[in-house]
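This is work_19.cif (mmCIF, C-alpha atoms).
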```cif
data_start
#
loop_
_atom_site.label_atom_id
_atom_site.label_comp_id
_atom_site.auth_asym_id
_atom_site.auth_seq_id
_atom_site.Cartn_x
_atom_site.Cartn_y
_atom_site.Cartn_z
CA MET A 1 87.50 99.11 137.83
CA ALA A 2 90.52 98.30 135.70
CA ALA A 3 89.32 100.77 133.08
CA THR A 4 89.06 103.47 135.76
CA ASP A 5 92.60 102.70 136.93
CA ASN A 6 93.82 102.96 133.35
CA LYS A 7 92.14 106.34 132.92
CA ASN A 8 93.70 107.59 136.15
CA ALA A 9 97.13 106.32 135.10
CA ALA A 10 96.81 107.92 131.66
CA GLY A 11 95.93 111.20 133.30
CA SER A 12 99.33 111.59 134.97
CA GLY A 13 102.30 112.80 132.99
CA ILE A 14 104.66 110.02 134.03
CA VAL A 15 102.57 107.42 132.22
CA TYR A 16 104.36 108.29 128.98
CA LEU A 17 107.85 107.78 130.45
CA PRO A 18 108.25 104.13 129.26
CA LEU A 19 107.02 105.15 125.79
CA ILE A 20 109.53 108.00 125.47
CA ALA A 21 112.40 106.08 127.11
CA GLY A 22 111.68 103.07 124.89
CA TRP A 23 111.80 105.26 121.80
CA LEU A 24 115.04 106.99 122.81
CA VAL A 25 116.86 103.82 123.92
CA PRO A 26 115.68 100.40 122.63
CA GLY A 27 114.41 98.26 125.51
CA ALA A 28 114.59 101.08 128.08
CA GLY A 29 110.79 101.26 128.41
CA HIS A 30 110.64 97.61 129.45
CA PHE A 31 113.62 98.04 131.80
CA LEU A 32 111.76 100.87 133.56
CA LEU A 33 108.84 98.50 134.14
CA GLY A 34 111.08 95.75 135.50
CA LYS A 35 110.67 93.52 132.41
CA TRP A 36 114.39 92.77 132.22
CA ILE A 37 114.39 89.73 129.92
CA ARG A 38 111.92 91.21 127.44
CA GLY A 39 113.82 94.50 127.46
CA ALA A 40 117.16 92.77 126.93
CA LEU A 41 115.85 90.69 124.02
CA LEU A 42 114.28 93.76 122.42
CA ALA A 43 117.47 95.80 122.90
CA ILE A 44 119.65 93.04 121.43
CA SER A 45 117.33 92.60 118.43
CA ILE A 46 116.86 96.30 117.64
CA ILE A 47 120.41 97.48 118.34
CA GLY A 48 121.80 94.39 116.59
CA MET A 49 119.70 95.06 113.51
CA PHE A 50 120.71 98.73 113.50
CA ALA A 51 124.41 97.84 113.94
CA LEU A 52 124.28 95.31 111.09
CA GLY A 53 122.65 97.94 108.88
CA ILE A 54 125.45 100.36 109.68
CA ALA A 55 128.06 97.62 109.10
CA MET A 56 126.50 96.99 105.67
CA LYS A 57 126.96 100.70 104.87
CA GLY A 58 123.23 101.40 104.93
CA LYS A 59 122.04 104.90 104.11
CA ILE A 60 121.28 107.36 106.90
CA TYR A 61 118.54 109.69 105.64
CA SER A 62 119.11 113.34 106.52
CA SER A 63 116.28 115.02 104.61
CA GLY A 64 113.23 114.07 102.59
CA HIS A 65 113.61 115.20 98.98
CA ASN A 66 110.93 112.84 97.74
CA VAL A 67 108.23 110.63 99.24
CA LEU A 68 110.46 107.52 99.53
CA ASP A 69 113.22 109.51 101.26
CA MET A 70 110.67 110.99 103.64
CA LEU A 71 109.33 107.53 104.54
CA GLY A 72 112.88 106.29 105.07
CA LEU A 73 113.63 109.25 107.31
CA VAL A 74 110.51 108.64 109.40
CA GLY A 75 111.46 104.98 109.77
CA GLU A 76 115.02 105.77 110.83
CA LEU A 77 113.83 108.42 113.32
CA GLY A 78 112.19 105.53 115.18
CA ASN A 79 115.68 104.53 116.33
CA GLY A 80 115.74 107.51 118.72
CA LEU A 81 119.22 108.26 120.09
CA LEU A 82 120.80 105.68 117.76
CA TYR A 83 119.71 107.80 114.80
CA LEU A 84 121.07 110.94 116.48
CA ALA A 85 124.40 109.19 117.15
CA SER A 86 124.61 107.97 113.57
CA ARG A 87 124.11 111.53 112.28
CA LEU A 88 126.60 113.06 114.73
CA LEU A 89 129.28 110.39 114.25
CA SER A 90 128.73 109.98 110.48
CA TRP A 91 127.93 106.28 110.66
CA GLY A 92 126.51 104.51 107.62
CA ALA A 93 126.58 106.04 104.15
CA ASP A 94 125.18 109.11 102.44
CA SER A 95 124.20 107.18 99.33
CA VAL A 96 123.73 103.53 98.40
CA GLN A 97 126.57 102.27 96.19
CA ILE A 98 126.23 98.47 96.30
CA THR A 99 123.46 95.91 96.78
CA VAL A 100 124.51 95.02 100.35
CA ALA A 101 124.20 98.72 101.29
CA ASP A 102 120.59 98.63 100.07
CA TRP A 103 119.88 95.72 102.42
CA GLY A 104 121.67 97.66 105.18
CA THR A 105 119.35 100.62 104.60
CA ARG A 106 116.33 98.33 105.01
CA PHE A 107 117.82 96.92 108.23
CA ILE A 108 118.19 100.44 109.68
CA VAL A 109 114.68 101.55 108.67
CA VAL A 110 113.07 98.34 109.96
CA SER A 111 114.98 98.53 113.26
CA GLY A 112 113.46 102.00 113.73
CA LEU A 113 109.97 100.71 113.03
CA LEU A 114 110.48 97.75 115.40
CA ASN A 115 111.66 100.17 118.09
CA VAL A 116 108.40 102.12 117.77
CA ILE A 117 106.45 98.85 118.18
CA ALA A 118 108.54 98.00 121.27
CA ALA A 119 108.01 101.47 122.77
CA VAL A 120 104.24 101.23 122.25
CA ASP A 121 104.34 97.77 123.87
CA ALA A 122 106.06 99.32 126.93
CA HIS A 123 103.33 101.97 127.02
CA ASN A 124 100.65 99.28 126.90
CA LEU A 125 102.33 97.47 129.79
CA ARG A 126 102.45 100.73 131.75
CA THR A 127 98.76 101.50 131.22
CA GLY A 128 97.69 97.92 132.00
CA ARG A 129 96.36 97.26 128.51
CA LYS A 130 98.81 94.36 128.32
CA GLN A 131 100.13 92.08 131.09
CA MET B 1 132.27 96.12 105.99
CA PHE B 2 129.85 93.27 106.67
CA GLN B 3 128.86 91.54 103.42
CA PRO B 4 126.46 88.65 104.12
CA THR B 5 124.98 86.44 101.42
CA HIS B 6 121.38 87.17 100.49
CA PHE B 7 120.15 84.14 102.45
CA THR B 8 122.21 85.05 105.54
CA ALA B 9 120.67 88.53 105.42
CA VAL B 10 117.21 86.92 105.24
CA LEU B 11 117.97 84.71 108.26
CA LEU B 12 119.27 87.65 110.33
CA PHE B 13 116.34 89.89 109.34
CA SER B 14 113.82 87.13 110.15
CA LEU B 15 115.46 86.36 113.50
CA PHE B 16 115.41 89.96 114.75
CA VAL B 17 111.94 90.81 113.46
CA SER B 18 110.44 87.55 114.78
CA THR B 19 111.94 88.19 118.22
CA VAL B 20 110.33 91.64 118.44
CA PHE B 21 107.02 90.40 117.01
CA GLY B 22 106.91 87.51 119.48
CA ILE B 23 107.55 89.70 122.52
CA THR B 24 105.22 92.54 121.54
CA GLN B 25 102.29 90.64 120.03
CA ARG B 26 101.72 87.96 122.69
CA GLU B 27 101.37 88.05 126.49
CA THR B 28 102.79 84.86 128.02
CA PRO B 29 106.38 83.64 127.50
CA MET B 30 105.34 80.34 125.90
CA ARG B 31 102.99 82.05 123.46
CA MET B 32 105.71 84.62 122.69
CA LEU B 33 108.15 81.83 121.85
CA ARG B 34 105.64 79.95 119.69
CA TYR B 35 104.59 83.09 117.82
CA GLY B 36 108.25 84.11 117.29
CA ILE B 37 109.09 80.70 115.82
CA TYR B 38 105.93 80.85 113.69
CA CYS B 39 106.90 84.28 112.28
CA PHE B 40 110.48 83.15 111.65
CA LEU B 41 109.35 80.06 109.73
CA LEU B 42 106.85 82.13 107.72
CA PHE B 43 109.53 84.71 106.81
CA VAL B 44 112.12 82.15 105.74
CA GLY B 45 109.60 79.77 104.17
CA SER B 46 107.98 82.49 102.07
CA VAL B 47 111.41 83.66 100.87
CA ILE B 48 112.30 80.12 99.74
CA VAL B 49 108.94 79.64 97.98
CA VAL B 50 109.09 83.02 96.21
CA SER B 51 112.72 82.41 95.24
CA TRP B 52 111.80 79.10 93.58
CA LEU B 53 108.86 80.80 91.82
CA MET B 54 111.15 83.50 90.44
CA TYR B 55 113.65 80.84 89.36
CA LEU B 56 110.96 78.90 87.49
CA ILE B 57 109.49 82.04 85.88
CA ALA B 58 112.93 83.13 84.67
CA ARG B 59 113.58 79.80 82.90
#
```

Rewritten as structure tokens:
Amino acid sequence: MAATDNKNAAGSGIVYLPLIAGWLVPGAGHFLLGKWIRGALLAISIIGMFALGIAMKGKIYSSGHNVLDMLGLVGELGNGLLYLASRLLSWGADSVQITVADWGTRFIVVSGLLNVIAAVDAHNLRTGRKQ
Amino acid sequence: MFQPTHFTAVLLFSLFVSTVFGITQRETPMRMLRYGIYCFLLFVGSVIVVSWLMYLIAR
């Protein structure tokens, strides 16, 4: 019965809304589902990690010239609108100059990957795969 | 510019990642908390162990 409900839910277009909202804005997918505390903790963690990465002058990847740059770009794209804002407002750095900036780059990439995990979690909550 | 020490960066990284892991990988609040603490201790503990190993190898 539950599996049938899940199939029906997956069939409608709106089922992907928490996934997309969660990717664009950290925690938004959980907010849409009424999971306020989880959403707030996820938003604080992901946005905090991204902000610290920017504060450490982490690199914002703009194009993939080699495999490592491409992987970094994919990771940072996980930040959704935060990545777009960082490109538009020239946050972060174009190249890594000091050791702390290298850590900052890792913080930004990992915050993007964590945001993808959080968005998928919101999708699982929406489809009933997770309580 | 924010310039933390290496260990402070490790603590911040572990805290944020453990929070997300705890919330996304477990279902009940108590299990989320326990799993988050478990991940945090594993992150920080493994960094300390590997740091000592590198220190001893370098001597």

Rounded to one decimal place, report the atom CA of Phe31 of chain A-atom CA of Leu17 of chain A distance in Å.
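These atoms are spaced 11.4 Å apart.
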
Counting all atoms listed in the file, which residues sit no farther than 12 Å from the position (109.2, 92.7, 114.3) in the file's frame? I'd like them as a PyMOL selection string.
(chain A and resi 41-42+45-46+49+107+109-118+121) or (chain B and resi 12-25+35-36+39-40+43)

For the PyMOL selection byres ((chain A and resi 20) around 10), applied here, can you spell out every residue it catches as a ChimeraX atom specification?
/A:15-19,21-25,28-29,80,116,119-120,122-123

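The result of the PyMOL selection byres ((chain A and resi 99) around 12) on the shown file is Met56, Lys57, Gly58, Lys59, Ser95, Val96, Gln97, Ile98, Val100, Ala101, Asp102, Trp103, Gly104, Thr105 and Arg106 of chain A; Gln3, Pro4, Thr5, His6 and Ala9 of chain B.
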
Have a look at atom CA of Gly53 of chain A and atom CA of Asp94 of chain A and let me know their distance in Å, one decimal.
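Atom-to-atom, atom CA of Gly53 of chain A and atom CA of Asp94 of chain A are spaced 13.1 Å apart.
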
I'd like to know which of A:Ile54, A:Leu89, A:Leu73, A:Ile60 is closest to chain B, using only C-alpha atoms.
A:Ile54

Suppose you want the space between atom CA of Leu71 of chain A and atom CA of Leu88 of chain A; what is it in Å?
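Atom-to-atom, atom CA of Leu71 of chain A and atom CA of Leu88 of chain A are spaced 20.8 Å apart.
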
Pick from B:Ile37, B:Arg59, B:Phe2, B:Val50: nearest to chain A, with all atoms listed in the file counted?
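Among the listed residues, B:Phe2 lies closest to chain A.
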
Which is closer to chain A than all the others in B:Leu42, B:Phe7, B:Glu27, B:Arg34, using all atoms listed in the file?
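Of B:Leu42, B:Phe7, B:Glu27, B:Arg34, the one nearest chain A, counting all atoms listed in the file, is B:Glu27.
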
From the options B:Ser51, B:Thr8, B:Val44, B:Thr28, which residue's atoms come nearest to chain A, counting only C-alpha atoms?
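Using only C-alpha atoms, chain A sits closest to B:Thr28.
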
Written record: segment 8-38 of chain B, C-alpha atoms, as a compact mmCIF listing (two decimals), in the first residue's frame:
```txt
# COMPACT_ATOMS: atom_id res chain seq x y z
CA THR B 8 40.28 24.69 14.63
CA ALA B 9 39.55 24.07 10.94
CA VAL B 10 39.29 20.34 11.69
CA LEU B 11 36.87 20.98 14.56
CA LEU B 12 34.66 23.27 12.44
CA PHE B 13 34.69 20.87 9.47
CA SER B 14 33.84 17.90 11.72
CA LEU B 15 31.03 19.80 13.48
CA PHE B 16 29.26 20.84 10.27
CA VAL B 17 29.69 17.53 8.44
CA SER B 18 28.63 15.49 11.50
CA THR B 19 25.49 17.61 11.89
CA VAL B 20 24.42 16.97 8.29
CA PHE B 21 25.35 13.27 8.47
CA GLY B 22 23.39 12.83 11.69
CA ILE B 23 20.23 14.46 10.34
CA THR B 24 20.28 12.79 6.92
CA GLN B 25 21.45 9.28 7.80
CA ARG B 26 19.18 8.48 10.77
CA GLU B 27 15.42 8.75 11.35
CA THR B 28 14.72 9.55 15.01
CA PRO B 29 16.12 12.61 16.86
CA MET B 30 17.97 10.54 19.47
CA ARG B 31 19.60 8.34 16.85
CA MET B 32 20.49 11.46 14.83
CA LEU B 33 22.22 12.97 17.86
CA ARG B 34 24.10 9.77 18.69
CA TYR B 35 25.22 9.26 15.09
CA GLY B 36 26.29 12.93 14.80
CA ILE B 37 28.41 12.65 17.95
CA TYR B 38 29.83 9.34 16.71
```
